[in-house]
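Asks: Sharing a structure, written as structure tokens. Questions coming.
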Amino acid sequence: MILVAGSANLDFVVRATHIPGPGETVLGREFKTYPGGKGANQAVASARAGGAPTHMLLALGSDAFAAPLEKSLADAGVVLHTVRPLDQPTGTAFICVSDDAENAITVAPGANACLEPQHLPPLTGFTHLLLQLETPLPSVTAYAQAARAQGVTVVLNAAPAQALPAELLALVDVLVVNEGELATVSGHSGSIAQCLERLQHVPTVVVTLGHHGCCTRHQGQFFLQQAFDITPVDTTGAGDTFCGSLVAALSQGADMAKALQTASAAAALACTRAGAQSSIPEATEVAKLVREQSTPNVAALAALRQFCGLA
């Protein structure tokens, strides 16, 4: 059983030819709202992966923005532990998605900033705790401490990127980062392999690398997973889909290679649809893509190894 403790935001998404630069105004096109937030996205991904009962600790305002978030999570089968701070709105995110499927996101945390250590529900029965950094760092650390004390595996997606205290990193069993987050957390701007060397005290570090695939150091071994061949539409939520799917697979006893393959396939499918939670695939879709593209691409894996500085 998995507990996700983290953020829930209502996403306001506009599509445009490109993401505006500083001082630039861009005329957008389609506008929609979607349920989002890193924590909520990861909870939905975990639940849709199947076989992993998923709960979520979250904070919402007493406003109209909370309803679509609660519905999306409930529809996915996520059990909610909801905190409702007084005089705080539901979190929101403002997202511009460009025609090349890249995005720029600004988050207004609102109620998410009110999650406190005492809000953590009892951890009896949980095997994994999945955390992110869109909620207060002291609370994230307190949740990790409580989980470690009770033998619950702590998984941290260190996003949005920020330097992390040694106290928190010492509590993490599985760290999931993208390339930029890896540099920030490790305090090093060298190759993937060099950055991972600086994080030897974390048992497992997973680095997502977009269209390159992902690289993982686990129990002293390196695992490489090539990217799946898809045509991206919107990359919003792909990293969160990866995290939720990875933890779901690990909680069901999958080995690291299989968990990475499943999570990568789920994240790839999420890139083929608009929105965050609305783009997260069901387990049957993920299994189908894995079957269709299960043959290793030797050239792609060799290029990934070189990209990571492992050649």
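Residue numbers start at 1 in each chain; chains themselves are named A, B, ... in the order of the structure tokens; ligands are numbered from 1 in the order shown.
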Got a sec to tell me which of region 4-157 of chain A DSSP assigns to strand (DSSP E), as a ChimeraX atom specification?

Replies: /A:4-5,9-16,31-36,54-59,79-83,91-98,103-108,128-131,153-157

Asks: Could you save those same residues with N, CA and C atoms as a compact mmCIF listing (two decimals), in the first residue's frame?

Replies:
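out.txt was written with the following content:
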# COMPACT_ATOMS: atom_id res chain seq x y z
N VAL A 4 1.00 8.75 -0.76
CA VAL A 4 1.60 9.92 -1.39
C VAL A 4 1.25 11.13 -0.53
N ALA A 5 2.26 11.87 -0.11
CA ALA A 5 2.03 13.09 0.66
C ALA A 5 2.56 14.25 -0.17
N ASN A 9 -2.97 20.80 -7.25
CA ASN A 9 -3.23 22.10 -7.86
C ASN A 9 -4.23 21.97 -8.99
N LEU A 10 -4.99 23.01 -9.21
CA LEU A 10 -5.79 23.07 -10.43
C LEU A 10 -4.95 23.78 -11.48
N ASP A 11 -4.71 23.10 -12.60
CA ASP A 11 -3.84 23.64 -13.66
C ASP A 11 -4.65 24.47 -14.66
N PHE A 12 -4.17 25.67 -14.93
CA PHE A 12 -4.73 26.54 -15.96
C PHE A 12 -3.76 26.51 -17.14
N VAL A 13 -4.16 25.88 -18.23
CA VAL A 13 -3.24 25.56 -19.32
C VAL A 13 -3.63 26.29 -20.59
N VAL A 14 -2.65 26.96 -21.21
CA VAL A 14 -2.87 27.61 -22.50
C VAL A 14 -1.81 27.11 -23.48
N ARG A 15 -2.23 26.82 -24.70
CA ARG A 15 -1.29 26.40 -25.74
C ARG A 15 -0.88 27.62 -26.56
N ALA A 16 0.38 27.64 -26.97
CA ALA A 16 0.91 28.75 -27.75
C ALA A 16 2.00 28.24 -28.68
N PHE A 31 -7.45 27.08 -24.28
CA PHE A 31 -7.30 27.19 -22.83
C PHE A 31 -8.20 26.17 -22.17
N LYS A 32 -7.64 25.43 -21.20
CA LYS A 32 -8.42 24.46 -20.43
C LYS A 32 -7.89 24.41 -18.99
N THR A 33 -8.71 23.91 -18.10
CA THR A 33 -8.25 23.61 -16.74
C THR A 33 -8.19 22.10 -16.56
N TYR A 34 -7.18 21.65 -15.82
CA TYR A 34 -6.99 20.22 -15.57
C TYR A 34 -6.60 20.02 -14.11
N PRO A 35 -7.00 18.91 -13.49
CA PRO A 35 -6.48 18.57 -12.17
C PRO A 35 -4.98 18.30 -12.26
N GLY A 36 -4.21 18.84 -11.32
CA GLY A 36 -2.77 18.65 -11.35
C GLY A 36 -2.15 18.75 -9.96
N THR A 54 -3.63 2.99 -3.19
CA THR A 54 -2.95 4.27 -3.03
C THR A 54 -3.78 5.24 -2.20
N HIS A 55 -3.14 5.85 -1.20
CA HIS A 55 -3.74 6.90 -0.39
C HIS A 55 -2.97 8.19 -0.66
N MET A 56 -3.59 9.34 -0.35
CA MET A 56 -2.90 10.62 -0.49
C MET A 56 -3.24 11.56 0.65
N LEU A 57 -2.19 12.16 1.23
CA LEU A 57 -2.33 13.27 2.16
C LEU A 57 -2.17 14.55 1.37
N LEU A 58 -3.18 15.42 1.43
CA LEU A 58 -3.15 16.67 0.67
C LEU A 58 -3.90 17.75 1.42
N ALA A 59 -3.69 18.99 0.99
CA ALA A 59 -4.38 20.14 1.57
C ALA A 59 -5.11 20.88 0.46
N VAL A 79 -7.53 6.99 -2.05
CA VAL A 79 -8.17 7.29 -0.77
C VAL A 79 -7.56 8.57 -0.22
N LEU A 80 -8.41 9.55 0.12
CA LEU A 80 -7.92 10.88 0.49
C LEU A 80 -7.86 11.10 2.00
N HIS A 81 -6.78 11.76 2.43
CA HIS A 81 -6.62 12.27 3.79
C HIS A 81 -6.46 13.78 3.62
N THR A 82 -7.56 14.51 3.73
CA THR A 82 -7.60 15.90 3.31
C THR A 82 -7.51 16.86 4.49
N VAL A 83 -6.60 17.83 4.38
CA VAL A 83 -6.47 18.92 5.34
C VAL A 83 -7.08 20.16 4.68
N GLY A 91 -4.41 25.21 -4.24
CA GLY A 91 -3.26 25.54 -5.07
C GLY A 91 -3.60 25.60 -6.54
N THR A 92 -2.89 26.45 -7.25
CA THR A 92 -3.10 26.58 -8.69
C THR A 92 -1.75 26.59 -9.41
N ALA A 93 -1.78 26.23 -10.69
CA ALA A 93 -0.58 26.28 -11.52
C ALA A 93 -0.97 26.88 -12.87
N PHE A 94 -0.11 27.73 -13.38
CA PHE A 94 -0.35 28.40 -14.65
C PHE A 94 0.69 27.90 -15.64
N ILE A 95 0.21 27.25 -16.70
CA ILE A 95 1.09 26.48 -17.59
C ILE A 95 0.92 26.95 -19.02
N CYS A 96 2.05 27.20 -19.66
CA CYS A 96 2.07 27.46 -21.10
C CYS A 96 2.69 26.25 -21.78
N VAL A 97 1.98 25.67 -22.73
CA VAL A 97 2.48 24.52 -23.48
C VAL A 97 2.73 24.97 -24.92
N SER A 98 3.96 24.76 -25.40
CA SER A 98 4.33 25.20 -26.74
C SER A 98 4.02 24.13 -27.77
N ASN A 103 6.95 22.90 -21.85
CA ASN A 103 6.07 23.70 -21.02
C ASN A 103 6.84 24.57 -20.06
N ALA A 104 6.18 25.62 -19.58
CA ALA A 104 6.70 26.47 -18.50
C ALA A 104 5.59 26.60 -17.48
N ILE A 105 5.92 26.43 -16.19
CA ILE A 105 4.91 26.33 -15.14
C ILE A 105 5.22 27.30 -14.01
N THR A 106 4.21 28.03 -13.56
CA THR A 106 4.30 28.86 -12.36
C THR A 106 3.23 28.38 -11.39
N VAL A 107 3.64 28.07 -10.16
CA VAL A 107 2.73 27.49 -9.17
C VAL A 107 2.45 28.50 -8.07
N ALA A 108 1.17 28.63 -7.70
CA ALA A 108 0.76 29.38 -6.51
C ALA A 108 0.30 28.33 -5.49
N HIS A 128 5.30 2.01 1.12
CA HIS A 128 6.06 3.07 0.46
C HIS A 128 5.42 4.43 0.74
N LEU A 129 6.26 5.42 0.99
CA LEU A 129 5.84 6.82 1.12
C LEU A 129 6.49 7.60 0.00
N LEU A 130 5.67 8.26 -0.82
CA LEU A 130 6.16 9.02 -1.98
C LEU A 130 6.01 10.51 -1.69
N LEU A 131 7.11 11.25 -1.77
CA LEU A 131 7.15 12.67 -1.42
C LEU A 131 7.69 13.49 -2.58
N THR A 153 9.44 2.33 3.10
CA THR A 153 10.39 2.80 2.09
C THR A 153 10.07 4.24 1.70
N VAL A 154 11.07 5.11 1.74
CA VAL A 154 10.90 6.54 1.44
C VAL A 154 11.38 6.82 0.02
N VAL A 155 10.47 7.31 -0.81
CA VAL A 155 10.79 7.69 -2.19
C VAL A 155 10.59 9.20 -2.30
N LEU A 156 11.62 9.91 -2.72
CA LEU A 156 11.55 11.37 -2.86
C LEU A 156 11.79 11.77 -4.30
N ASN A 157 10.82 12.45 -4.88
CA ASN A 157 11.01 13.12 -6.16
C ASN A 157 11.42 14.56 -5.85

Asks: Have a look at CA of Ala302 (chain A) and CA of Gly239 (chain A) and let me know their distance in Å, one decimal.

Replies: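 It comes out at 23.1 Å.
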
Asks: Fewer than 6 positions away in the same chain doesn't count, so skip those; otherwise give me all residues within 12 Å of Asp255 (chain A), counting only C-alpha atoms, as a ChimeraX atom specification.

Replies: /A:218-219,223,246-249,261-262

Asks: Could you write out the selected residues, including N, CA and C atoms, as an mmCIF file, in the first residue's frame?

Replies:
data_model
loop_
_atom_site.group_PDB
_atom_site.id
_atom_site.type_symbol
_atom_site.label_atom_id
_atom_site.label_comp_id
_atom_site.auth_asym_id
_atom_site.auth_seq_id
_atom_site.Cartn_x
_atom_site.Cartn_y
_atom_site.Cartn_z
ATOM 1 N N HIS A 218 21.519 1.530 -8.584
ATOM 2 C CA HIS A 218 20.755 0.785 -7.585
ATOM 3 C C HIS A 218 21.610 -0.348 -7.049
ATOM 4 N N GLN A 219 21.837 -0.326 -5.743
ATOM 5 C CA GLN A 219 22.629 -1.358 -5.078
ATOM 6 C C GLN A 219 23.971 -1.568 -5.764
ATOM 7 N N PHE A 223 21.583 0.761 -14.160
ATOM 8 C CA PHE A 223 20.521 0.268 -15.031
ATOM 9 C C PHE A 223 20.178 1.369 -16.029
ATOM 10 N N LEU A 246 6.538 4.037 -11.092
ATOM 11 C CA LEU A 246 7.722 3.370 -10.551
ATOM 12 C C LEU A 246 7.442 2.820 -9.157
ATOM 13 N N VAL A 247 6.876 3.653 -8.291
ATOM 14 C CA VAL A 247 6.612 3.218 -6.922
ATOM 15 C C VAL A 247 5.576 2.100 -6.901
ATOM 16 N N ALA A 248 4.557 2.198 -7.755
ATOM 17 C CA ALA A 248 3.560 1.134 -7.826
ATOM 18 C C ALA A 248 4.206 -0.199 -8.207
ATOM 19 N N ALA A 249 5.103 -0.162 -9.184
ATOM 20 C CA ALA A 249 5.770 -1.396 -9.610
ATOM 21 C C ALA A 249 6.661 -1.952 -8.509
ATOM 22 N N GLN A 261 11.264 0.023 -16.767
ATOM 23 C CA GLN A 261 10.623 -0.153 -18.072
ATOM 24 C C GLN A 261 9.151 0.252 -18.014
ATOM 25 N N THR A 262 8.458 -0.194 -16.978
ATOM 26 C CA THR A 262 7.041 0.122 -16.830
ATOM 27 C C THR A 262 6.830 1.615 -16.644
#

Asks: Would you please work out which residue, of A:Ala101, A:Leu164, A:Ala8, A:Ala113, is nearest to Ala270 (chain A) when using only C-alpha atoms?

Replies: A:Ala101

Asks: Do you know which residues are at most 9 Å from Phe242 (chain A) counting only C-alpha atoms, after dropping those on the same chain fewer than 3 positions away, and could you put them as a list in words?

Replies: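 Counting only C-alpha atoms, the residues come to Gln42, Ala45, Thr208, Gly237, Ala238, Gly239, Ser245, Leu246, Val247, Leu260, Thr262, Ala263, Ser264, Ala265, Ala266, Ala267 and Ala268 of chain A.
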
Asks: Please produce an output containing N, CA and C atoms for each residue in the selection, written as a short mmCIF file (atom, residue, chain, number, x, y, z; two decimals), in the first residue's frame.

Replies:
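Saved the output as part06.cif:
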data_model
loop_
_atom_site.label_atom_id
_atom_site.label_comp_id
_atom_site.auth_asym_id
_atom_site.auth_seq_id
_atom_site.Cartn_x
_atom_site.Cartn_y
_atom_site.Cartn_z
N GLN A 42 1.06 12.10 -9.08
CA GLN A 42 1.76 10.86 -8.75
C GLN A 42 0.83 9.86 -8.09
N ALA A 45 -1.23 8.35 -10.88
CA ALA A 45 -0.40 7.42 -11.65
C ALA A 45 -0.21 6.11 -10.90
N THR A 208 15.77 10.69 -14.68
CA THR A 208 15.01 10.70 -15.92
C THR A 208 15.63 11.69 -16.89
N GLY A 237 3.29 16.59 -16.66
CA GLY A 237 2.89 15.42 -15.88
C GLY A 237 3.62 14.14 -16.21
N ALA A 238 4.50 14.16 -17.21
CA ALA A 238 5.19 12.93 -17.58
C ALA A 238 6.12 12.45 -16.46
N GLY A 239 6.85 13.38 -15.86
CA GLY A 239 7.73 13.00 -14.76
C GLY A 239 6.96 12.47 -13.57
N SER A 245 4.16 5.50 -11.25
CA SER A 245 4.22 4.16 -11.84
C SER A 245 5.40 3.36 -11.30
N LEU A 246 6.54 4.04 -11.09
CA LEU A 246 7.72 3.37 -10.55
C LEU A 246 7.44 2.82 -9.16
N VAL A 247 6.88 3.65 -8.29
CA VAL A 247 6.61 3.22 -6.92
C VAL A 247 5.58 2.10 -6.90
N LEU A 260 11.61 0.20 -14.01
CA LEU A 260 12.03 1.31 -14.86
C LEU A 260 11.36 1.23 -16.23
N THR A 262 8.46 -0.19 -16.98
CA THR A 262 7.04 0.12 -16.83
C THR A 262 6.83 1.62 -16.64
N ALA A 263 7.63 2.23 -15.77
CA ALA A 263 7.49 3.66 -15.50
C ALA A 263 7.81 4.49 -16.73
N SER A 264 8.79 4.08 -17.50
CA SER A 264 9.17 4.81 -18.71
C SER A 264 8.07 4.72 -19.76
N ALA A 265 7.45 3.56 -19.87
CA ALA A 265 6.35 3.40 -20.83
C ALA A 265 5.16 4.26 -20.43
N ALA A 266 4.84 4.29 -19.15
CA ALA A 266 3.72 5.11 -18.67
C ALA A 266 3.99 6.58 -18.93
N ALA A 267 5.22 7.03 -18.64
CA ALA A 267 5.57 8.44 -18.86
C ALA A 267 5.51 8.79 -20.34
N ALA A 268 5.94 7.88 -21.20
CA ALA A 268 5.89 8.13 -22.64
C ALA A 268 4.45 8.31 -23.10
#

Asks: Return as number ranges by chain the full set of residues in region 10-122 of chain A whose backbone-based DSSP assignment is helix (DSSP H, G or I).

Replies: A: 38-48, 66-76, 110-114, 117-119

Asks: Just want the 9 Å neighbourhood of Ala170 (chain A), counted on only C-alpha atoms, with same-chain residues fewer than 3 positions away dropped. Output as a list in words.

Replies: Pro165, Ala166, Glu167, Asp173, His201 and Val202 of chain A

Asks: For CA of Pro232 (chain A) and CA of His18 (chain A), quote the distance in Å rounded to one decimal.

Replies: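 So the two atoms, CA of Pro232 (chain A) and CA of His18 (chain A), lie 15.1 Å apart.
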
Asks: Within 6 Å of region 38-40 of chain A, counting only C-alpha atoms, which residues show up once you throw out same-chain ones fewer than 3 positions away? Write them as JSON, numbers by chain, please.

Replies: {"A": [6, 7, 8, 43]}

Asks: Quick check, in Å to one decimal: how far apart do CA of Gln293 (chain A) and CA of Ala276 (chain A) lie?

Replies: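 Computed distance, CA of Gln293 (chain A) to CA of Ala276 (chain A), equals 23.8 Å.
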
Asks: Would you mind telling me which residue in A:Ile2, A:Ala158, A:Ala227, A:Leu69 lies nearest to His211 (chain A) when using only C-alpha atoms?

Replies: A:Ala227

Asks: Considering only C-alpha atoms, return as a ChimeraX atom specification whatever protein or nucleic-acid residues lie within 12 Å of Glu292 (chain A), sequence-local ones (same chain, fewer than 4 positions apart) excluded.

Replies: /A:228-230,265,285-288,296
